[in-house]
Structures are given as structure tokens and as C-alpha cells.
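This is structure_17.txt (compact mmCIF, N, CA and C atoms).
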```txt
# COMPACT_ATOMS: atom_id res chain seq x y z
N MET E 120 0.84 -1.17 0.00
CA MET E 120 0.00 0.00 0.00
C MET E 120 0.89 1.24 0.00
N LYS E 121 0.64 2.13 -0.91
CA LYS E 121 1.42 3.35 -0.99
C LYS E 121 0.76 4.43 -0.14
N ILE E 122 1.55 5.00 0.73
CA ILE E 122 1.04 6.04 1.61
C ILE E 122 1.43 7.39 1.01
N THR E 123 0.45 8.20 0.71
CA THR E 123 0.74 9.49 0.09
C THR E 123 0.97 10.59 1.12
N ASN E 124 0.36 10.47 2.27
CA ASN E 124 0.52 11.48 3.30
C ASN E 124 1.84 11.27 4.03
N GLN E 125 2.68 12.29 4.04
CA GLN E 125 4.01 12.18 4.64
C GLN E 125 3.95 11.95 6.15
N LYS E 126 3.01 12.62 6.83
CA LYS E 126 2.88 12.48 8.27
C LYS E 126 2.47 11.05 8.64
N THR E 127 1.51 10.50 7.91
CA THR E 127 1.06 9.13 8.14
C THR E 127 2.18 8.14 7.86
N ALA E 128 2.97 8.41 6.85
CA ALA E 128 4.09 7.53 6.51
C ALA E 128 5.11 7.51 7.64
N LYS E 129 5.39 8.66 8.24
CA LYS E 129 6.34 8.72 9.35
C LYS E 129 5.82 7.96 10.56
N ILE E 130 4.52 8.11 10.85
CA ILE E 130 3.92 7.41 11.99
C ILE E 130 4.01 5.90 11.77
N GLU E 131 3.68 5.45 10.55
CA GLU E 131 3.72 4.02 10.25
C GLU E 131 5.14 3.47 10.32
N LYS E 132 6.11 4.24 9.88
CA LYS E 132 7.51 3.82 9.94
C LYS E 132 7.97 3.66 11.39
N ARG E 133 7.61 4.64 12.24
CA ARG E 133 7.95 4.54 13.67
C ARG E 133 7.24 3.36 14.32
N HIS E 134 5.98 3.15 13.94
CA HIS E 134 5.20 2.05 14.51
C HIS E 134 5.84 0.69 14.17
N ASN E 135 6.25 0.52 12.93
CA ASN E 135 6.90 -0.73 12.53
C ASN E 135 8.21 -0.95 13.28
N ARG E 136 8.96 0.12 13.50
CA ARG E 136 10.22 0.03 14.23
C ARG E 136 9.98 -0.38 15.69
N ILE E 137 8.94 0.20 16.30
CA ILE E 137 8.58 -0.14 17.68
C ILE E 137 8.13 -1.58 17.78
N ARG E 138 7.25 -2.00 16.86
CA ARG E 138 6.69 -3.36 16.90
C ARG E 138 7.73 -4.44 16.65
N ALA E 139 8.84 -4.10 16.00
CA ALA E 139 9.92 -5.06 15.79
C ALA E 139 10.62 -5.37 17.12
N LYS E 140 10.53 -4.46 18.07
CA LYS E 140 11.25 -4.61 19.33
C LYS E 140 10.39 -5.15 20.47
N ILE E 141 9.09 -4.87 20.46
CA ILE E 141 8.24 -5.30 21.58
C ILE E 141 7.22 -6.32 21.13
N ASP E 142 6.80 -7.15 22.08
CA ASP E 142 5.84 -8.20 21.81
C ASP E 142 5.07 -8.48 23.09
N GLY E 143 3.76 -8.63 23.00
CA GLY E 143 2.94 -8.91 24.16
C GLY E 143 2.85 -10.41 24.39
N THR E 144 3.06 -10.82 25.64
CA THR E 144 2.96 -12.23 26.00
C THR E 144 1.77 -12.42 26.93
N SER E 145 1.55 -13.66 27.35
CA SER E 145 0.46 -13.92 28.28
C SER E 145 0.73 -13.28 29.64
N GLU E 146 2.01 -13.28 30.06
CA GLU E 146 2.37 -12.70 31.35
C GLU E 146 2.36 -11.17 31.29
N ARG E 147 2.81 -10.61 30.15
CA ARG E 147 2.87 -9.16 29.96
C ARG E 147 2.31 -8.79 28.60
N PRO E 148 0.99 -8.62 28.52
CA PRO E 148 0.39 -8.26 27.23
C PRO E 148 0.78 -6.83 26.82
N ARG E 149 0.49 -6.50 25.59
CA ARG E 149 0.86 -5.21 25.01
C ARG E 149 -0.31 -4.24 25.13
N LEU E 150 -0.03 -3.05 25.67
CA LEU E 150 -1.02 -1.97 25.73
C LEU E 150 -0.81 -1.11 24.50
N ALA E 151 -1.65 -1.30 23.48
CA ALA E 151 -1.50 -0.62 22.20
C ALA E 151 -2.40 0.61 22.15
N ILE E 152 -1.85 1.70 21.61
CA ILE E 152 -2.55 2.97 21.53
C ILE E 152 -2.77 3.34 20.07
N PHE E 153 -3.94 3.88 19.77
CA PHE E 153 -4.18 4.51 18.47
C PHE E 153 -4.85 5.84 18.73
N ARG E 154 -4.36 6.88 18.07
CA ARG E 154 -4.90 8.22 18.25
C ARG E 154 -5.42 8.73 16.91
N SER E 155 -6.69 9.11 16.89
CA SER E 155 -7.25 9.75 15.70
C SER E 155 -7.43 11.23 16.03
N ASN E 156 -7.99 11.98 15.11
CA ASN E 156 -8.21 13.40 15.37
C ASN E 156 -9.28 13.64 16.42
N LYS E 157 -10.23 12.73 16.54
CA LYS E 157 -11.33 12.92 17.48
C LYS E 157 -11.17 12.12 18.77
N PHE E 158 -10.65 10.90 18.69
CA PHE E 158 -10.63 10.00 19.84
C PHE E 158 -9.27 9.34 20.00
N ILE E 159 -9.10 8.70 21.16
CA ILE E 159 -7.92 7.88 21.40
C ILE E 159 -8.42 6.51 21.84
N TYR E 160 -7.76 5.47 21.36
CA TYR E 160 -8.18 4.10 21.63
C TYR E 160 -7.04 3.34 22.30
N ALA E 161 -7.39 2.43 23.19
CA ALA E 161 -6.38 1.61 23.86
C ALA E 161 -6.86 0.16 23.89
N GLN E 162 -5.93 -0.77 23.64
CA GLN E 162 -6.24 -2.19 23.70
C GLN E 162 -5.14 -2.90 24.45
N VAL E 163 -5.50 -3.90 25.24
CA VAL E 163 -4.52 -4.79 25.86
C VAL E 163 -4.57 -6.08 25.05
N ILE E 164 -3.43 -6.41 24.40
CA ILE E 164 -3.39 -7.49 23.42
C ILE E 164 -2.38 -8.56 23.84
N ASP E 165 -2.79 -9.83 23.77
CA ASP E 165 -1.89 -10.97 23.95
C ASP E 165 -1.47 -11.43 22.55
N ASP E 166 -0.24 -11.09 22.16
CA ASP E 166 0.22 -11.39 20.80
C ASP E 166 0.47 -12.88 20.57
N THR E 167 0.76 -13.64 21.62
CA THR E 167 1.00 -15.07 21.42
C THR E 167 -0.28 -15.78 20.99
N LYS E 168 -1.42 -15.37 21.53
CA LYS E 168 -2.70 -15.95 21.16
C LYS E 168 -3.38 -15.15 20.05
N GLY E 169 -2.92 -13.92 19.84
CA GLY E 169 -3.54 -13.06 18.83
C GLY E 169 -4.91 -12.58 19.24
N LYS E 170 -5.09 -12.29 20.55
CA LYS E 170 -6.40 -11.88 21.05
C LYS E 170 -6.32 -10.56 21.80
N THR E 171 -7.35 -9.75 21.62
CA THR E 171 -7.50 -8.54 22.41
C THR E 171 -8.20 -8.91 23.70
N LEU E 172 -7.56 -8.62 24.83
CA LEU E 172 -8.13 -8.96 26.13
C LEU E 172 -9.17 -7.93 26.57
N VAL E 173 -8.81 -6.65 26.51
CA VAL E 173 -9.74 -5.57 26.85
C VAL E 173 -9.46 -4.37 25.94
N ALA E 174 -10.45 -3.51 25.80
CA ALA E 174 -10.30 -2.32 24.98
C ALA E 174 -11.10 -1.18 25.58
N ALA E 175 -10.64 0.06 25.33
CA ALA E 175 -11.34 1.25 25.81
C ALA E 175 -11.15 2.37 24.79
N THR E 176 -12.10 3.31 24.78
CA THR E 176 -12.03 4.44 23.87
C THR E 176 -12.44 5.71 24.59
N SER E 177 -11.97 6.84 24.08
CA SER E 177 -12.32 8.12 24.69
C SER E 177 -13.68 8.62 24.21
N ALA E 178 -14.32 7.90 23.32
CA ALA E 178 -15.64 8.30 22.83
C ALA E 178 -16.68 8.33 23.94
N LYS E 179 -16.48 7.50 24.97
CA LYS E 179 -17.42 7.44 26.08
C LYS E 179 -16.96 8.26 27.28
N ALA E 180 -15.79 8.87 27.21
CA ALA E 180 -15.23 9.63 28.33
C ALA E 180 -15.98 10.95 28.51
N LYS E 181 -15.97 11.46 29.74
CA LYS E 181 -16.76 12.64 30.08
C LYS E 181 -15.94 13.92 30.22
N GLY E 182 -14.62 13.88 30.05
CA GLY E 182 -13.79 15.07 30.24
C GLY E 182 -14.09 16.16 29.21
N LYS E 183 -13.67 17.38 29.54
CA LYS E 183 -13.92 18.50 28.64
C LYS E 183 -12.91 18.56 27.51
N THR E 184 -11.63 18.39 27.84
CA THR E 184 -10.59 18.49 26.81
C THR E 184 -10.16 17.09 26.38
N PHE E 185 -9.45 17.05 25.26
CA PHE E 185 -8.95 15.77 24.74
C PHE E 185 -7.99 15.13 25.75
N ILE E 186 -7.17 15.94 26.40
CA ILE E 186 -6.21 15.43 27.39
C ILE E 186 -6.94 14.79 28.56
N GLU E 187 -7.98 15.45 29.07
CA GLU E 187 -8.77 14.91 30.18
C GLU E 187 -9.44 13.60 29.78
N ARG E 188 -9.99 13.55 28.57
CA ARG E 188 -10.64 12.32 28.10
C ARG E 188 -9.61 11.20 27.91
N SER E 189 -8.40 11.55 27.48
CA SER E 189 -7.34 10.56 27.31
C SER E 189 -6.94 9.96 28.66
N LYS E 190 -6.80 10.81 29.67
CA LYS E 190 -6.44 10.33 31.00
C LYS E 190 -7.53 9.42 31.56
N GLU E 191 -8.77 9.81 31.37
CA GLU E 191 -9.90 9.00 31.83
C GLU E 191 -9.93 7.65 31.11
N THR E 192 -9.59 7.63 29.84
CA THR E 192 -9.51 6.39 29.07
C THR E 192 -8.41 5.49 29.62
N GLY E 193 -7.28 6.08 30.02
CA GLY E 193 -6.20 5.31 30.64
C GLY E 193 -6.62 4.66 31.94
N VAL E 194 -7.34 5.40 32.77
CA VAL E 194 -7.84 4.84 34.03
C VAL E 194 -8.83 3.71 33.73
N GLU E 195 -9.67 3.91 32.73
CA GLU E 195 -10.68 2.89 32.35
C GLU E 195 -10.01 1.61 31.85
N ILE E 196 -8.99 1.73 31.00
CA ILE E 196 -8.32 0.54 30.47
C ILE E 196 -7.61 -0.20 31.60
N ALA E 197 -7.07 0.53 32.57
CA ALA E 197 -6.41 -0.11 33.71
C ALA E 197 -7.42 -0.87 34.56
N LYS E 198 -8.60 -0.28 34.75
CA LYS E 198 -9.65 -0.94 35.52
C LYS E 198 -10.10 -2.23 34.84
N LEU E 199 -10.31 -2.15 33.52
CA LEU E 199 -10.73 -3.33 32.76
C LEU E 199 -9.65 -4.41 32.75
N ALA E 200 -8.38 -3.99 32.61
CA ALA E 200 -7.28 -4.95 32.58
C ALA E 200 -7.13 -5.65 33.93
N LYS E 201 -7.26 -4.91 35.02
CA LYS E 201 -7.16 -5.53 36.35
C LYS E 201 -8.29 -6.52 36.57
N ALA E 202 -9.48 -6.21 36.04
CA ALA E 202 -10.61 -7.13 36.14
C ALA E 202 -10.34 -8.41 35.35
N ALA E 203 -9.55 -8.29 34.27
CA ALA E 203 -9.20 -9.46 33.45
C ALA E 203 -7.97 -10.19 33.99
N GLY E 204 -7.39 -9.68 35.09
CA GLY E 204 -6.25 -10.35 35.71
C GLY E 204 -4.90 -9.90 35.18
N VAL E 205 -4.84 -8.72 34.57
CA VAL E 205 -3.58 -8.21 34.01
C VAL E 205 -3.13 -7.02 34.85
N THR E 206 -1.87 -7.07 35.34
CA THR E 206 -1.33 -5.94 36.09
C THR E 206 -0.09 -5.35 35.43
N LYS E 207 0.68 -6.18 34.71
CA LYS E 207 1.89 -5.71 34.03
C LYS E 207 1.67 -5.76 32.52
N VAL E 208 2.04 -4.68 31.85
CA VAL E 208 1.89 -4.61 30.39
C VAL E 208 3.16 -4.03 29.77
N VAL E 209 3.25 -4.18 28.45
CA VAL E 209 4.29 -3.53 27.65
C VAL E 209 3.60 -2.41 26.90
N PHE E 210 4.12 -1.18 27.00
CA PHE E 210 3.46 -0.03 26.39
C PHE E 210 3.88 0.12 24.93
N ASP E 211 2.89 0.16 24.03
CA ASP E 211 3.12 0.35 22.60
C ASP E 211 2.44 1.65 22.21
N ARG E 212 3.24 2.70 22.00
CA ARG E 212 2.68 4.01 21.70
C ARG E 212 2.22 4.13 20.26
N GLY E 213 2.39 3.10 19.46
CA GLY E 213 1.83 3.05 18.12
C GLY E 213 2.44 4.03 17.14
N GLY E 214 3.68 4.43 17.36
CA GLY E 214 4.33 5.36 16.44
C GLY E 214 4.05 6.82 16.75
N PHE E 215 3.20 7.08 17.74
CA PHE E 215 2.88 8.46 18.11
C PHE E 215 3.88 8.95 19.14
N SER E 216 4.17 10.24 19.13
CA SER E 216 5.09 10.83 20.09
C SER E 216 4.52 10.72 21.49
N TYR E 217 5.42 10.49 22.46
CA TYR E 217 5.00 10.33 23.86
C TYR E 217 4.86 11.72 24.50
N ILE E 218 3.89 12.49 24.03
CA ILE E 218 3.57 13.78 24.61
C ILE E 218 2.06 13.96 24.54
N GLY E 219 1.54 14.88 25.28
CA GLY E 219 0.13 15.24 25.19
C GLY E 219 -0.83 14.11 25.49
N LYS E 220 -1.63 13.75 24.48
CA LYS E 220 -2.71 12.78 24.66
C LYS E 220 -2.19 11.39 25.00
N VAL E 221 -1.11 10.97 24.33
CA VAL E 221 -0.55 9.63 24.56
C VAL E 221 0.02 9.56 25.98
N LYS E 222 0.72 10.61 26.39
CA LYS E 222 1.30 10.65 27.74
C LYS E 222 0.19 10.67 28.79
N ALA E 223 -0.90 11.41 28.55
CA ALA E 223 -2.02 11.47 29.47
C ALA E 223 -2.66 10.09 29.64
N LEU E 224 -2.82 9.36 28.54
CA LEU E 224 -3.38 8.01 28.62
C LEU E 224 -2.46 7.10 29.42
N ALA E 225 -1.15 7.18 29.19
CA ALA E 225 -0.20 6.36 29.92
C ALA E 225 -0.22 6.70 31.42
N ASP E 226 -0.27 7.99 31.74
CA ASP E 226 -0.33 8.40 33.15
C ASP E 226 -1.61 7.90 33.81
N GLY E 227 -2.73 7.97 33.08
CA GLY E 227 -3.99 7.47 33.61
C GLY E 227 -3.96 5.97 33.84
N ALA E 228 -3.32 5.23 32.94
CA ALA E 228 -3.20 3.78 33.10
C ALA E 228 -2.33 3.44 34.32
N ARG E 229 -1.27 4.22 34.53
CA ARG E 229 -0.42 4.00 35.71
C ARG E 229 -1.19 4.33 36.99
N GLU E 230 -1.97 5.41 36.96
CA GLU E 230 -2.81 5.76 38.11
C GLU E 230 -3.79 4.65 38.43
N GLY E 231 -4.33 4.03 37.38
CA GLY E 231 -5.29 2.95 37.55
C GLY E 231 -4.69 1.66 38.07
N GLY E 232 -3.35 1.56 38.06
CA GLY E 232 -2.70 0.39 38.64
C GLY E 232 -1.92 -0.47 37.68
N LEU E 233 -1.83 -0.12 36.41
CA LEU E 233 -1.02 -0.90 35.48
C LEU E 233 0.46 -0.58 35.67
N ILE E 234 1.31 -1.58 35.53
CA ILE E 234 2.75 -1.40 35.68
C ILE E 234 3.40 -1.54 34.33
N PHE E 235 4.15 -0.50 33.92
CA PHE E 235 4.95 -0.54 32.70
C PHE E 235 5.99 0.55 32.74
```
If you took the structure in this file and wrote it as C-alpha cells, what would it be?
Amino acid sequence: MKITNQKTAKIEKRHNRIRAKIDGTSERPRLAIFRSNKFIYAQVIDDTKGKTLVAATSAKAKGKTFIERSKETGVEIAKLAKAAGVTKVVFDRGGFSYIGKVKALADGAREGGLIF
């Protein structure tokens, strides 16, 4: 697939480089992030089985700003993951820079009790 948008191409290139280094296992699944212009999504994935254990989105969050909704989504994914028996994860920022919304989601997940 040819990517015409330069920004999207850079994100995909970073994402592929990150995914070559990290892998989610049963003991430490991968916390994968995707950020769109409107929402941020988080999934806890066991790559050995190829299954998504839990998922959360900012579409249902109640915060006023995108950052507040991202943090709330992080707390929600941590709550769902703990209910599924997951406490330690590997963080996959999905090629996005670790600032702003992505950092807020990570901080919220740590507040919720996930270790990474």
C-alpha cells in the first residue's frame, strides 16, 4: 500500500520500528494505543494468542478536553485490565510521540494500577 501522506508515513515507519522490538505475552500483554483526530483508543493485546483482552475508547469519556478524556480512558483501560487479571503490560505508543494525549493516557493507566 502506498502512503501518500508524509505524516502518516512517518507514523507508520515509527510504529513498525517499535513493533519489531516489543511483543505482548500472556504474562505481559501489550497496551497498544491509536490516536485519531477525534478519539484515542487503547487495547490490551496478547500477541502469542492473537487476542485482544480488553479495549477502551475516549468516545465514552466525560472530560472537557482531549487530554482529560485521554487520562480518563487510561484509568478505564487499567480498571478493565485488572478485572481481566492483568497488572503488568508492555506499552506500545503506536508510532505516536510520547507527549500530550498519549502521555495522558499512559499516566492514567499508571494511576489505575497498570505497571509498565
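CA of Ser145 (chain E) to CA of Val221 (chain E) spans 23.9 Å [interatomic distance, one decimal].
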Q. Restricting the calculation to only C-alpha atoms, which member of E:Glu146, E:Asp211, E:Glu195, E:Glu187 is positioned closest to Gly232 (chain E)?
A.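 Of all the options, E:Glu195 lies closest to Gly232 (chain E).
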Who sits within 7 Å of Ser177 (chain E), all atoms listed in the file, same chain under 4 positions skipped, as a list of chain:residue names:
E:Lys157, E:Phe158, E:Ile159, E:Tyr160, E:Ala161, E:Lys181, E:Arg188, E:Ser189, E:Glu191, E:Thr192
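With distances restricted to only C-alpha atoms, E:Leu150 is the closest residue to Ala228 (chain E) from E:Ala202, E:Ala180, E:Leu150, E:Val173.
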Within 6 Å of His134 (chain E) using only N, CA and C atoms, minus same-chain residues under 5 positions, as a VMD selection string: chain E and resid 129 139 213 to 214
Residues within 6 Å of Ile164 (chain E), only C-alpha atoms, excluding chain neighbours under 4 positions, as a PyMOL selection string = chain E and resi 148-149+170-172
Could you give me, as a PDB file with N, CA and C atoms, keeping the file's coordinate frame, the residues within 6 Å of Ala174 (chain E), counting all atoms listed in the file and dropping anything in the same chain fewer than 3 positions from it?
```pdb
ATOM      1  N   ALA E 161      -7.390   2.430  23.190  1.00  0.00           N
ATOM      2  CA  ALA E 161      -6.380   1.610  23.860  1.00  0.00           C
ATOM      3  C   ALA E 161      -6.860   0.160  23.890  1.00  0.00           C
ATOM      4  N   GLN E 162      -5.930  -0.770  23.640  1.00  0.00           N
ATOM      5  CA  GLN E 162      -6.240  -2.190  23.700  1.00  0.00           C
ATOM      6  C   GLN E 162      -5.140  -2.900  24.450  1.00  0.00           C
ATOM      7  N   VAL E 163      -5.500  -3.900  25.240  1.00  0.00           N
ATOM      8  CA  VAL E 163      -4.520  -4.790  25.860  1.00  0.00           C
ATOM      9  C   VAL E 163      -4.570  -6.080  25.050  1.00  0.00           C
ATOM     10  N   ILE E 196      -8.990   1.730  31.000  1.00  0.00           N
ATOM     11  CA  ILE E 196      -8.320   0.540  30.470  1.00  0.00           C
ATOM     12  C   ILE E 196      -7.610  -0.200  31.600  1.00  0.00           C
TER      13      ILE E 196
END
```
- Message: Please report the interatomic distance between atom N of Glu230 (chain E) and CA of Gly204 (chain E) in Å with one decimal.
- Response: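 Value for the atom N of Glu230 (chain E)-CA of Gly204 (chain E) distance: 16.4 Å.
Rounded to one decimal, atom C of Thr144 (chain E) and atom C of Thr206 (chain E) lie 11.2 Å from each other.
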I want to know what sits within 9 Å of Asp226 (chain E), based on only C-alpha atoms, with residues of the same chain fewer than 4 positions away left out; could you give that as a PyMOL selection string? chain E and resi 190+193-194+221-222+230-231
Worksheet item: So which residues of region 159-230 of chain E fall under helix (DSSP H, G or I) by DSSP, listed as a VMD selection string?
Response: chain E and resid 177 to 179 185 to 202 220 to 230
Tell me, which residues of region 156-235 of chain E carry DSSP strand (DSSP E), written as a list in words?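 Strand (DSSP E) members of region 156-235 of chain E, listed: Ile159, Tyr160, Ala161, Gln162, Val163, Ile164, Asp165, Lys170, Thr171, Leu172, Val173, Ala174, Ala175, Thr176, Val209, Phe210 and Asp211 of chain E.
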